[in-house]
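Here is the file protein_10.csv (CSV, C-alpha atoms).
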chain,number,residue,atom,x,y,z
G,229,MET,CA,-20.4,-21.3,34.2
G,230,SER,CA,-21.2,-18.1,32.3
G,231,ARG,CA,-21.9,-18.3,28.6
G,232,ILE,CA,-22.8,-15.8,25.9
G,233,ASN,CA,-24.3,-17.2,22.7
G,234,GLY,CA,-22.6,-20.5,23.1
G,235,PHE,CA,-19.3,-19.2,24.4
G,236,ILE,CA,-18.1,-19.7,27.9
G,237,GLY,CA,-16.3,-16.9,29.8
G,238,ARG,CA,-12.5,-16.7,29.6
G,239,ARG,CA,-12.0,-17.6,33.3
G,240,ASN,CA,-14.3,-20.6,33.1
G,241,PHE,CA,-12.6,-21.9,30.0
G,242,LEU,CA,-9.3,-21.7,31.8
G,243,GLY,CA,-10.9,-23.7,34.6
G,244,LEU,CA,-11.8,-26.3,32.0
G,245,ALA,CA,-8.4,-26.5,30.4
G,246,GLY,CA,-6.3,-25.9,33.6
G,247,ALA,CA,-3.6,-23.4,34.3
G,248,GLY,CA,-0.9,-22.6,31.7
G,249,SER,CA,0.7,-19.8,29.7
G,250,LEU,CA,-1.5,-18.2,27.1
G,251,VAL,CA,-0.7,-17.5,23.5
G,252,VAL,CA,-3.5,-18.5,21.1
G,253,ALA,CA,-6.7,-16.4,21.1
G,254,VAL,CA,-9.9,-17.4,19.3
G,255,THR,CA,-12.4,-14.7,19.1
G,256,ALA,CA,-16.1,-14.4,18.0
G,257,CYS,CA,-18.5,-11.5,17.9
G,258,ALA,CA,-20.2,-12.9,21.0
G,259,GLY,CA,-17.2,-13.4,23.2
G,260,SER,CA,-13.7,-14.8,23.3
G,261,LEU,CA,-11.6,-17.7,24.7
G,262,THR,CA,-8.0,-18.3,25.2
G,263,VAL,CA,-6.1,-21.6,24.9
G,264,GLY,CA,-2.9,-22.5,26.7
G,265,LYS,CA,0.5,-22.8,25.1
G,266,GLU,CA,1.2,-25.6,27.5
G,267,GLU,CA,-1.8,-27.8,26.9
G,268,PRO,CA,-2.8,-29.1,30.4
G,269,ALA,CA,-5.3,-31.9,31.1
G,270,ILE,CA,-8.9,-31.1,30.3
G,271,ALA,CA,-11.3,-31.3,33.3
G,272,ASP,CA,-14.5,-33.2,33.1
G,273,ILE,CA,-17.4,-30.8,32.9
G,274,LYS,CA,-21.0,-30.9,32.1
G,275,SER,CA,-21.5,-30.0,28.5
G,276,ILE,CA,-24.0,-27.4,27.3
G,277,ASN,CA,-25.1,-30.0,24.7
G,278,LEU,CA,-27.6,-32.3,26.4
G,279,ASN,CA,-27.9,-34.6,23.4
G,280,PRO,CA,-24.6,-34.9,21.6
G,281,VAL,CA,-24.4,-37.0,18.4
G,282,ASN,CA,-21.9,-39.8,18.4
G,283,PRO,CA,-19.1,-39.8,15.8
G,284,GLN,CA,-20.6,-42.7,13.7
G,285,GLN,CA,-24.0,-41.2,13.5
G,286,ALA,CA,-22.5,-37.7,12.7
G,287,LEU,CA,-20.5,-39.3,9.8
G,288,LYS,CA,-23.7,-40.9,8.5
G,289,PHE,CA,-25.5,-37.6,8.6
G,290,LEU,CA,-22.7,-36.0,6.6
G,291,LEU,CA,-22.5,-38.8,4.0
G,292,ASP,CA,-26.3,-39.1,3.6
G,293,GLY,CA,-26.4,-35.3,3.0
G,294,ASN,CA,-23.6,-35.6,0.5
G,295,GLN,CA,-25.5,-38.3,-1.3
G,296,ARG,CA,-28.5,-36.0,-1.6
G,297,PHE,CA,-26.2,-33.2,-2.9
G,298,VAL,CA,-24.7,-35.5,-5.5
G,299,ASN,CA,-28.1,-36.8,-6.6
G,300,ARG,CA,-29.4,-33.3,-6.9
G,301,LYS,CA,-32.1,-34.0,-4.3
G,302,PRO,CA,-31.1,-31.7,-1.4
G,303,LYS,CA,-33.5,-31.1,1.5
G,304,TYR,CA,-32.0,-27.8,2.6
G,305,PRO,CA,-32.7,-28.8,6.2
G,306,ARG,CA,-32.9,-26.5,9.2
G,307,GLN,CA,-32.7,-23.3,7.3
G,308,SER,CA,-36.0,-21.7,8.3
G,309,GLN,CA,-36.7,-18.5,10.2
G,310,GLN,CA,-37.7,-20.7,13.1
G,311,ARG,CA,-34.4,-22.5,13.1
G,312,LEU,CA,-32.6,-19.2,12.9
G,313,GLN,CA,-34.3,-18.0,16.1
G,314,SER,CA,-34.0,-21.3,17.9
G,315,ILE,CA,-30.1,-21.3,17.7
G,316,ALA,CA,-29.7,-17.6,18.4
G,317,LYS,CA,-28.8,-18.3,22.0
G,318,ALA,CA,-26.6,-21.3,21.7
G,319,GLN,CA,-25.0,-23.6,19.1
G,320,TYR,CA,-24.9,-27.4,19.1
G,321,PRO,CA,-23.1,-28.5,15.9
G,322,PHE,CA,-23.1,-32.3,15.5
G,323,ALA,CA,-19.8,-32.2,13.5
G,324,ALA,CA,-16.8,-30.0,13.0
G,325,ILE,CA,-15.1,-29.7,9.6
G,326,LEU,CA,-11.5,-28.7,9.0
G,327,GLY,CA,-11.8,-27.8,5.3
G,328,CYS,CA,-10.0,-25.9,2.6
G,329,ALA,CA,-10.9,-22.3,1.9
G,330,ASP,CA,-11.5,-23.2,-1.8
G,331,SER,CA,-14.7,-21.5,-2.9
G,332,ARG,CA,-15.9,-24.7,-4.6
G,333,VAL,CA,-16.1,-26.7,-1.4
G,334,PRO,CA,-18.7,-25.1,0.9
G,335,ALA,CA,-19.3,-27.7,3.6
G,336,GLU,CA,-23.0,-26.8,4.5
G,337,ILE,CA,-23.9,-27.2,0.8
G,338,VAL,CA,-22.0,-30.3,-0.2
G,339,PHE,CA,-23.2,-32.1,2.9
G,340,ASP,CA,-26.8,-30.6,2.6
G,341,GLN,CA,-26.9,-29.3,6.2
G,342,GLY,CA,-28.5,-26.4,7.9
G,343,LEU,CA,-27.9,-23.5,10.3
G,344,GLY,CA,-26.0,-24.6,13.4
G,345,ASP,CA,-25.3,-28.1,12.2
G,346,LEU,CA,-21.6,-27.8,11.4
G,347,PHE,CA,-18.7,-26.0,13.1
G,348,VAL,CA,-16.6,-25.2,10.1
G,349,VAL,CA,-12.9,-24.1,10.1
G,350,ARG,CA,-11.6,-23.3,6.7
G,351,VAL,CA,-8.0,-22.5,5.6
G,352,ALA,CA,-6.3,-23.1,2.3
G,353,GLY,CA,-4.9,-26.6,2.2
G,354,ASN,CA,-7.1,-27.7,5.2
G,355,ILE,CA,-4.1,-27.1,7.4
G,356,ALA,CA,-4.1,-27.9,11.1
G,357,SER,CA,-2.7,-24.5,12.1
G,358,ASP,CA,-2.6,-23.3,15.7
G,359,MET,CA,-5.7,-21.2,15.2
G,360,ALA,CA,-7.5,-24.1,13.5
G,361,ILE,CA,-6.6,-26.5,16.3
G,362,ALA,CA,-7.8,-23.9,18.9
G,363,SER,CA,-11.1,-23.6,17.2
G,364,LEU,CA,-11.6,-27.4,17.1
G,365,GLU,CA,-10.6,-27.7,20.7
G,366,TYR,CA,-13.4,-25.3,21.5
G,367,ALA,CA,-15.9,-27.2,19.4
G,368,THR,CA,-15.1,-30.5,21.0
G,369,SER,CA,-14.4,-29.6,24.6
G,370,VAL,CA,-17.1,-26.9,25.1
G,371,LEU,CA,-19.8,-27.5,22.5
G,372,ASP,CA,-19.3,-31.3,22.8
G,373,THR,CA,-19.0,-31.9,19.1
G,374,ARG,CA,-18.0,-35.6,18.7
G,375,LEU,CA,-16.7,-35.8,15.1
G,376,ILE,CA,-14.0,-33.8,13.4
G,377,LEU,CA,-13.8,-34.3,9.6
G,378,VAL,CA,-10.6,-33.2,7.9
G,379,LEU,CA,-11.9,-32.5,4.4
G,380,GLY,CA,-9.4,-32.1,1.5
G,381,HIS,CA,-10.3,-32.0,-2.1
G,382,THR,CA,-9.0,-32.8,-5.6
G,383,LYS,CA,-7.3,-30.1,-7.6
G,384,CYS,CA,-6.3,-28.3,-4.5
G,385,GLY,CA,-4.1,-25.3,-5.4
G,386,ALA,CA,-2.2,-25.2,-2.1
G,387,VAL,CA,-1.3,-28.9,-2.4
G,388,THR,CA,-0.3,-28.5,-6.1
G,389,ALA,CA,2.0,-25.5,-5.2
G,390,SER,CA,3.6,-27.6,-2.5
G,391,VAL,CA,4.3,-30.4,-5.0
G,392,LYS,CA,5.9,-27.9,-7.4
G,393,ASN,CA,8.0,-26.5,-4.6
G,394,GLU,CA,8.6,-23.1,-6.3
G,395,PRO,CA,9.2,-19.7,-4.6
G,396,LEU,CA,5.9,-18.0,-3.8
G,397,PRO,CA,5.1,-14.3,-3.1
G,398,GLY,CA,4.1,-12.8,0.2
G,399,ARG,CA,3.0,-15.1,2.9
G,400,ILE,CA,1.6,-17.8,0.6
G,401,GLY,CA,4.7,-19.8,1.2
G,402,TYR,CA,3.6,-20.5,4.8
G,403,LEU,CA,0.8,-22.6,3.3
G,404,THR,CA,3.1,-24.8,1.3
G,405,GLU,CA,5.6,-25.1,4.2
G,406,SER,CA,2.7,-26.5,6.3
G,407,ILE,CA,1.8,-29.1,3.6
G,408,ARG,CA,5.3,-30.1,2.4
G,409,PRO,CA,6.0,-32.5,5.3
G,410,ALA,CA,3.0,-34.6,4.1
G,411,LEU,CA,4.8,-35.1,0.7
G,412,ALA,CA,7.5,-37.2,2.4
G,413,LYS,CA,4.9,-40.0,2.6
G,414,LEU,CA,4.0,-40.0,-1.1
G,415,PRO,CA,4.2,-43.4,-2.7
G,416,SER,CA,7.2,-43.5,-5.1
G,417,ILE,CA,5.1,-45.1,-7.9
G,418,ALA,CA,2.1,-42.7,-7.6
G,419,LYS,CA,0.4,-42.4,-11.0
G,420,ASP,CA,-1.2,-39.1,-10.2
G,421,VAL,CA,1.2,-37.2,-7.9
G,422,ASN,CA,-1.2,-34.3,-7.2
G,423,LYS,CA,-4.0,-36.7,-6.3
G,424,ALA,CA,-1.7,-38.7,-4.1
G,425,ALA,CA,-0.5,-35.5,-2.4
G,426,VAL,CA,-4.0,-34.5,-1.6
G,427,ILE,CA,-4.6,-37.8,0.2
G,428,ALA,CA,-1.2,-37.6,1.9
G,429,ASN,CA,-2.0,-34.1,3.2
G,430,ILE,CA,-5.4,-35.1,4.6
G,431,GLN,CA,-3.7,-38.0,6.5
G,432,TYR,CA,-0.9,-35.7,7.7
G,433,GLN,CA,-3.2,-32.9,8.9
G,434,THR,CA,-5.4,-35.5,10.6
G,435,GLU,CA,-2.4,-36.9,12.5
G,436,LYS,CA,-1.2,-33.4,13.3
G,437,LEU,CA,-4.5,-32.6,15.1
G,438,GLN,CA,-3.9,-35.4,17.5
G,439,GLN,CA,-0.2,-34.9,17.9
G,440,LYS,CA,-0.3,-31.1,18.5
G,441,SER,CA,-3.4,-31.0,20.8
G,442,THR,CA,-3.4,-32.6,24.2
G,443,ILE,CA,-7.1,-31.7,24.5
G,444,LEU,CA,-8.0,-33.6,21.3
G,445,ALA,CA,-5.8,-36.5,22.1
G,446,GLN,CA,-7.4,-36.9,25.5
G,447,LEU,CA,-10.9,-36.8,24.1
G,448,ILE,CA,-9.9,-39.4,21.5
G,449,ASN,CA,-8.4,-41.7,24.1
G,450,LYS,CA,-11.6,-41.4,26.1
G,451,GLY,CA,-13.5,-42.5,23.1
G,452,THR,CA,-15.5,-39.3,23.1
G,453,VAL,CA,-14.2,-37.8,19.8
G,454,GLN,CA,-13.1,-39.2,16.5
G,455,ILE,CA,-11.1,-37.6,13.8
G,456,ILE,CA,-11.7,-38.8,10.2
G,457,GLY,CA,-10.2,-37.8,6.9
G,458,ALA,CA,-12.2,-37.4,3.7
G,459,ALA,CA,-11.7,-36.1,0.2
G,460,TYR,CA,-14.1,-34.1,-1.9
G,461,ASP,CA,-14.1,-34.7,-5.7
G,462,ILE,CA,-14.4,-31.3,-7.4
G,463,ASP,CA,-15.7,-32.9,-10.6
G,464,THR,CA,-18.4,-35.2,-9.1
G,465,GLY,CA,-19.2,-33.6,-5.8
G,466,ILE,CA,-18.7,-37.0,-4.0
G,467,VAL,CA,-17.0,-37.1,-0.6
G,468,SER,CA,-15.0,-40.3,0.1
G,469,VAL,CA,-13.7,-41.3,3.5
G,470,ILE,CA,-9.9,-41.8,3.7
G,471,SER,CA,-8.8,-44.7,5.7
Starting from the file, lay out its structure as structure tokens.
Amino acid sequence: MSRINGFIGRRNFLGLAGAGSLVVAVTACAGSLTVGKEEPAIADIKSINLNPVNPQQALKFLLDGNQRFVNRKPKYPRQSQQRLQSIAKAQYPFAAILGCADSRVPAEIVFDQGLGDLFVVRVAGNIASDMAIASLEYATSVLDTRLILVLGHTKCGAVTASVKNEPLPGRIGYLTESIRPALAKLPSIAKDVNKAAVIANIQYQTEKLQQKSTILAQLINKGTVQIIGAAYDIDTGIVSVIS
């Protein structure tokens, strides 16, 4: 199977995913892959990651790193020149993050991780868009990343705008349209509507990943991959797992 800097060739990825119509493209400077519109069964292949981290251990790595960040005792791990050179030919991220594009929530910093540790997909409102799903399918089915963390945060502008439900300029409205279904699950007696909406959106996007992706659903059913929701507190820097 041909690979360039951690990416498999287009034809080989299709062999992994099966035959189907193609619509979503995910590109990188080192190569590209295409995902099927009709998501077929994923074939069992030998991963390029010879020592994948299981979901529970990956979550522990993240939460331990966040504790160091909160306590102002970061280790800044795996950020040396040697690390840079060692991952130049391939990537083996132990966790994937679907996070918000908010500049105050950089995953590698708040989890105190290094180069090549995290496969990070960021979009305002941590929305499980088609492109985000395609990226996470690549991380799990090809790079053998075992944990996906859907990371929302307090004071999220995209979520607040969805709660207000007011007209928005340009294409910003697409963001709120992708979040608004989550608001149907808001508790009627919520004391802090915006905070409750953030949690509801994390849960909604987590469920959407499993419902919209046959590849992710199959890996979850096999017990290979786990998707977990979490919330980052903008004021304290603490990440809390959402049950």
Nearest to Leu379 (chain G), chosen from G:Ala335, G:Leu403, G:Leu312, G:Ala318, with all atoms listed in the file counted in the distances
G:Ala335
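Residues in contact with Gln309 (chain G) at up to 12 Å, not including ones fewer than 5 positions away on its chain and judged by all atoms listed in the file, are G:Ser314, G:Ile315, G:Ala316, G:Gly342, G:Leu343.
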Measure the distance from CA of Leu375 (chain G) to CA of Asp330 (chain G) in Å and round it to one decimal.
21.7 Å
Can you work out which one of G:Gln341, G:Gln285, G:Gln431, G:Ser441 has the shortest atom-to-atom distance to Pro302 (chain G), counting only C-alpha atoms?
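Nearest candidate to Pro302 (chain G) out of G:Gln341, G:Gln285, G:Gln431, G:Ser441: G:Gln341.
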Please provide as a list of chain:residue names all residues within 12 Å of Asn299 (chain G), with the sequence filter that same-chain residues fewer than 2 positions apart are discarded (counting all atoms listed in the file).
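So, after excluding close chain neighbours, the residues are G:Asp292, G:Gly293, G:Asn294, G:Gln295, G:Arg296, G:Phe297, G:Lys301, G:Pro302, G:Lys303, G:Val338, G:Phe339, G:Asp340, G:Thr464, G:Gly465, G:Ile466.
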May I have the protein, DNA and RNA residues with an atom at most 6 Å from (-19.3, -29.5, 18.0), counting all atoms listed in the file in the file's coordinates, returned as a list of chain:residue names?
G:Pro321, G:Phe322, G:Ala323, G:Ala324, G:Ala367, G:Thr368, G:Leu371, G:Asp372, G:Thr373
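One finds CA of Ile407 (chain G) at 6.5 Å from CA of Ser390 (chain G).
Taking CA of Pro305 (chain G) as the reference point, CA of Leu291 (chain G) is found at 14.5 Å.
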Using all atoms listed in the file, the shortest atom-to-atom distance to Leu364 (chain G) among G:Gln454, G:Asn449, G:Asn282, G:Gln310 belongs to G:Gln454
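When all atoms listed in the file are used to measure the gap to Gln307 (chain G), the shortest distance among G:Ile355, G:Ala418, G:Ile337, G:Tyr432 belongs to G:Ile337.
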Would you mind telling me which residue in G:Ile455, G:Ile470, G:Val348, G:Ala386 lies nearest to Glu336 (chain G) when using all atoms listed in the file?
G:Val348
